[in-house]
Amino acid sequence: MLEYKMPSLGADMESGFLREWHVKPGDRIRKGDIIAEVETQKGIIEIEVFEEGIIGELLVNLDEQVPVGRSMATILTEEEAASGKAIPAAGVKAPIPETAAQAVPAEEGAQRAEGPAIPEHAPESHHIRASPLAKRVAAEKGIDIATVHGTGPEGAITRDDVEHAIAAQAAPAKAAREAKEEAPAKPAIPKEKTPTPATIPDTKAEVASPSIPEPAAPIPTAKASASADTIRMAVAAAMGKSNREIPHYYLETKIDMSKALAWLSETNKQRPVKERLLPAALLIKAVAKALNDIPELNATWENGLQRKELINVGYVVALRTGGIMVPTIHETDTKTLDEIMQALNDLIPRARALRLRSSELADSTITVTSLGEAGVEVVYGVIYPPQVALVGFGGITEQPWSENGMLTVRPILTATLAADHRASDGSTGSKFLTAIKNYLQQPDKL
Amino acid sequence: MAGNLITYRECIKQAIREALLADERVFMMGEDVGHYGGAFAVSKNLLQEFGPERIMDTPLSEAGFVGAGIGAALGGMRPIVEIMTVNFSLLALDQIANNAATLLHMSGGQFNVPLVIRMSTGIGRQLAAQHSHSWEPLFAHLPGLRILSAGTHEDARHMLAPALADPDPVIIFEYTSLLNMEKELPEDLTGVDIQKAKVRREGKDISIFTYGTGVYKSLTAAEELAQAGIEVEVVDLRVLRPLDEETIVASVTKTNRAFVVEDASKSVSVSSEVSARIMERCFYELDAPVQRLCGAEVPIPYPKHLEDASVPQPAQIVSAIKTLLQHA
Amino acid sequence: MTSEEIKQTLLQQLKGIAPDTEPEQLQPDDNIRQTLGIDSFDYLQFMVALDEKFGIQTPEEDYGKIQTLRELTEYIEANVKN
């Protein structure tokens, strides 16, 4: 039996709120499946599983705050699942072989989406998180506290929740109407909760081509519940940690972009709008290739240097409401420019809508920030811990440039490296920046 | 309006002056209280007005002059002993804990010790770790004492008289950081109750229990929370020993949520005690766990920004209460 | 398609790409990218949308000519086939 634990989605994350289970006991899961949605300071994140097996028990209730590292579910092997032991009776689902000792009415399995993920008929009320007052009021009014949806801290049931439940019983028709309007997937719960995940546009299917969110289905105004404030706090925590702990060193170099831009312009001329490339794709690819040559910078610093096998470039996306998100382009060095562009077209709108998956938030091994569009020429970045390097690209501006003793004007890009001096030294960083520069002189080979 | 503004320092001074005028047995002693006018200028000019027998400069010996105060009290006087800061009071702890607090008990009820000790407490003007602590909890631990905390101007002005009238030892904590603060004093107020905590602001959503410098900070926070529609009740505990449980219970029963604020560090503090009493008395009234915001567990730092960061500030109170109530 | 209809379609597309902005506040001669904070990715999405809605393939060298609502509307009117 394996335990699925709350993953860390960045150095700044301490815990997350479980907002939705995508699986139920008995479900077969494969590597890469999304098993739950967890709300963090950076929005609602779909978290993925990296094991195969069958879901045994769900150990966390909806809306519960779960610290990083706490078990959320058990994952069973076929044999364990067949023995039926580890699966709570109420959660057993039809596909489990008949050896499962306790058969269960079929509809119970189907009700999962409606209520808390704990078994519907929890044998003991001590599993229910409710305030003492809520329990007392429920007992006085003869309400079964197990039927009340908690909205308090860590999903606890408060007196208000009990009173809402009482009111809902008193006026079932009205409650049903409200439930329909406000929270399609849940029983009548009080107003103003965070939007249920069901109301957030599903962007999962839009990986292949640049996707334009339909104006008719706007991002929920409440922005999940990650607000500009919580994102600010997440950025503050990560950057504060970085500046406290990481001895940064900085290098910069100017890169003549005339070949790269000419190639880009020529390439785009022959392509439909949809397939056009942006300079960022070239820059990201050049970074990935340079990392292949200088792997010391593709690493994290956690109790010493940990080199990373895969090159996963994180790309900084500025949010218009303030704050940043850094989605990951997995295995960047193996991707073509087109694939990198597709990844960006997929990731950037989802990052802005705060709809990223756990692997897209947590797997980066280096960060690239491109502030050029904002008009600046040079960026000195702050490393995203536990990474050991960050590459900053300024804007491309026409500048006097001397070459072979002649003075001309060229489109110039200033690339900077902020690197962790615990993990590497200036000569390594220098080789790395030079490699980026060289790759950008041969755009057709990227 | 502005004409009625008065500093906290002036409130204390008026209280002392009033006591000296009202009762010939009252006198004050302490380090630099006479010629220098008090380390914090609280007793300025009182020596000139009342003479050296009633405003008495003492040597730098807390154990000596607190012991002398106890002797004077046993002998029928009504001494006010000023200890410059709470940090120095530990030099007199033997006199306070082993004599003042115990003599009534040890004498089988024969000898009362009608002594009042005043001391400056808490952070003030970057006085660093040896002059700035909030050690009310140390004293609130000791049976045989009444521990008062003057978190407002009206208490600074009116606590001394009932403390002197108490036949047993009373310690009044005053707050360095409030000395220059100006407030209006209610004119009709002639005394305060040193048996009871005081509800400083009524509210229905959550109760803040606090004392000392926490009172004005909590009131500021309550004002801001009111803008967000959260009605906070602010209870000034005021009497840290014996705690006024009834006022605490009544407030929690009304609001169903409790939040405790104090400058003292969290471990084994007044807030621990209040929290435990609430759990004992009001568990079934609670709609959320009792939460606390206390001083950091560090010796008080010298730099201003660290000093500020070491004790609760109104913005933190606001944010913690919003978090506590966010789903309600 | 009238120029008002074109403008409404443009605003709708901008809102879709940048939901946290208020394109309806744009003045005819405001620089769209600067005013709404549209980066090159958003802008590419916008160009894709123009392709899909109006059937025009905007060459990169024309980007400089269509920076305001007025310029864009005129550009589309001039380039739309029907």
# chains A, B, ... in the order shown; residues from 1 in each chain; ligands from 1
$ select_by_dssp --residues "range 156-313 of chain B" --states "strand (DSSP E or B)" --output "ChimeraX atom specification"
/B:170-175,182-184,198-201,206-210,232-236,239-241,258-265,291-295
$ write_last_selection --atoms "C-alpha atoms" --output "compact mmCIF listing (two decimals), in the first residue's frame"
# COMPACT_ATOMS: atom_id res chain seq x y z
CA VAL B 170 -1.20 45.42 44.84
CA ILE B 171 1.10 45.74 41.86
CA ILE B 172 0.17 48.24 39.14
CA PHE B 173 1.78 47.79 35.75
CA GLU B 174 2.16 51.01 33.80
CA TYR B 175 3.29 51.22 30.18
CA GLU B 182 -2.84 62.00 24.86
CA LYS B 183 -6.47 61.05 25.39
CA GLU B 184 -9.56 62.60 26.80
CA LYS B 198 -13.81 46.18 31.62
CA VAL B 199 -15.59 45.88 28.29
CA ARG B 200 -14.04 48.73 26.29
CA ARG B 201 -16.07 48.16 23.17
CA ILE B 206 -15.71 37.94 18.40
CA SER B 207 -14.20 38.91 21.75
CA ILE B 208 -10.68 40.20 22.10
CA PHE B 209 -9.28 39.72 25.58
CA THR B 210 -6.29 41.90 26.23
CA VAL B 232 -15.46 43.06 17.79
CA GLU B 233 -15.91 43.16 21.53
CA VAL B 234 -12.78 44.39 23.29
CA VAL B 235 -12.41 43.27 26.89
CA ASP B 236 -9.65 44.93 28.92
CA VAL B 239 -7.13 42.70 36.75
CA LEU B 240 -4.62 40.00 35.86
CA ARG B 241 -4.86 38.41 39.28
CA ALA B 258 -12.28 34.42 21.60
CA PHE B 259 -9.02 36.02 20.59
CA VAL B 260 -6.38 36.92 23.15
CA VAL B 261 -3.82 39.65 22.58
CA GLU B 262 -0.83 40.48 24.76
CA ASP B 263 2.69 41.87 24.44
CA ALA B 264 4.15 39.19 26.69
CA SER B 265 5.56 36.17 24.91
CA GLN B 291 -6.63 32.01 19.10
CA ARG B 292 -3.83 34.13 20.50
CA LEU B 293 -1.55 36.85 19.25
CA CYS B 294 1.35 37.42 21.61
CA GLY B 295 4.84 38.81 21.78
$ residues_around --residues "Leu264 in chain A" --least-positions-apart "4" --cutoff "9 Å" --atoms "only C-alpha atoms" --output "MDAnalysis selection string"
chainID A and resid 259:260 268:269 276:279 282 443
$ residues_around --residues "Ala418 in chain A" --least-positions-apart "5" --cutoff "8 Å" --atoms "only C-alpha atoms" --output "ChimeraX atom specification"
/A:248-251,380-383,389-392
$ interface_residues --of "chain A" --to "chain B" --cutoff "9 Å" --atoms "only C-alpha atoms" --output "list in words"
Ala130, Ser131, Pro132, Leu133, Ala134, Lys135, Arg136, Thr151, Gly152, Pro153, Gly155, Ala156, Ile157, Thr158, Arg159, Asp160, Asp161, Glu192 and Lys193 of chain A
$ residues_around --residues "range 21-28 of chain C" --least-positions-apart "2" --cutoff "7 Å" --atoms "only C-alpha atoms" --output "MDAnalysis selection string"
chainID C and resid 11 14:15 18:19 30 36 68:70
$ write_last_selection --atoms "C-alpha atoms" --output "PDB file, in the first residue's frame"
ATOM      1  CA  LEU C  11     -13.667  44.246 -27.635  1.00  0.00           C
ATOM      2  CA  LEU C  14      -9.819  41.360 -26.029  1.00  0.00           C
ATOM      3  CA  LYS C  15     -11.976  40.637 -23.001  1.00  0.00           C
ATOM      4  CA  ALA C  18      -7.414  39.476 -20.966  1.00  0.00           C
ATOM      5  CA  PRO C  19     -10.466  38.983 -18.728  1.00  0.00           C
ATOM      6  CA  ASP C  30      -5.481  54.521 -27.284  1.00  0.00           C
ATOM      7  CA  LEU C  36      -4.480  47.010 -21.426  1.00  0.00           C
ATOM      8  CA  THR C  68      -5.417  51.472 -31.825  1.00  0.00           C
ATOM      9  CA  LEU C  69      -9.066  50.512 -32.095  1.00  0.00           C
ATOM     10  CA  ARG C  70      -9.534  53.029 -34.918  1.00  0.00           C
TER      11      ARG C  70
END
$ select_by_dssp --residues "chain C" --states "helix (DSSP H, G or I)" --output "PyMOL selection string"
chain C and resi 3-17+23-25+32-36+40-54+60-65+69-79
$ closest_residue --among "B:Leu103, B:Ala320, B:Ala68, B:Leu127" --to "Tyr302 in chain B" --atoms "only C-alpha atoms"
B:Leu127
$ atom_distance --atom1 "CA of Thr77 in chain A" --atom2 "CA of Val49 in chain A"
14.5 Å
$ interface_residues --of "chain C" --to "chain A" --cutoff "12 Å" --atoms "only C-alpha atoms" --output "ChimeraX atom specification"
/C:8-22,33-53,55-63
$ atom_distance --atom1 "CA of Ala19 in chain B" --atom2 "CA of Ile96 in chain B"
22.3 Å
$ residues_around --residues "His133 in chain B" --least-positions-apart "2" --cutoff "10 Å" --atoms "only C-alpha atoms" --output "PyMOL selection string"
chain B and resi 85-87+120-124+127-131+135-136+263-265+295+298-300
$ write_last_selection --atoms "C-alpha atoms" --output "compact mmCIF listing (two decimals), in the first residue's frame"
# COMPACT_ATOMS: atom_id res chain seq x y z
CA THR B 85 11.14 49.11 35.11
CA VAL B 86 9.76 45.64 35.36
CA ASN B 87 13.17 44.20 34.57
CA SER B 120 6.96 50.69 34.04
CA THR B 121 6.53 47.85 31.66
CA GLY B 122 6.82 46.86 28.04
CA ILE B 123 8.62 48.38 25.14
CA GLY B 124 8.97 52.11 25.09
CA LEU B 127 15.28 50.60 25.65
CA ALA B 128 16.31 47.11 24.55
CA ALA B 129 16.18 43.77 26.26
CA GLN B 130 17.03 44.79 29.81
CA HIS B 131 14.39 47.52 30.15
CA TRP B 135 6.47 40.31 32.69
CA GLU B 136 2.96 40.69 33.98
CA ASP B 263 2.69 41.87 24.44
CA ALA B 264 4.15 39.19 26.69
CA SER B 265 5.56 36.17 24.91
CA GLY B 295 4.84 38.81 21.78
CA VAL B 298 12.69 36.68 22.10
CA PRO B 299 14.40 39.13 24.40
CA ILE B 300 13.08 42.50 23.19
$ residues_around --residues "Thr190 in chain B" --least-positions-apart "5" --cutoff "12 Å" --atoms "only C-alpha atoms" --output "list in words"
Ala15, Glu18, Glu154, Asp155, Arg157, His158, Met159, Leu160, Ala161, Pro162 and Leu185 of chain B
$ residues_around --residues "Met1 in chain C" --least-positions-apart "6" --cutoff "12 Å" --atoms "only C-alpha atoms" --output "list in words"
Lys7, Gln8, Thr9, Lys53, Phe54, Thr73, Ile76, Glu77, Ala78, Val80, Lys81 and Asn82 of chain C
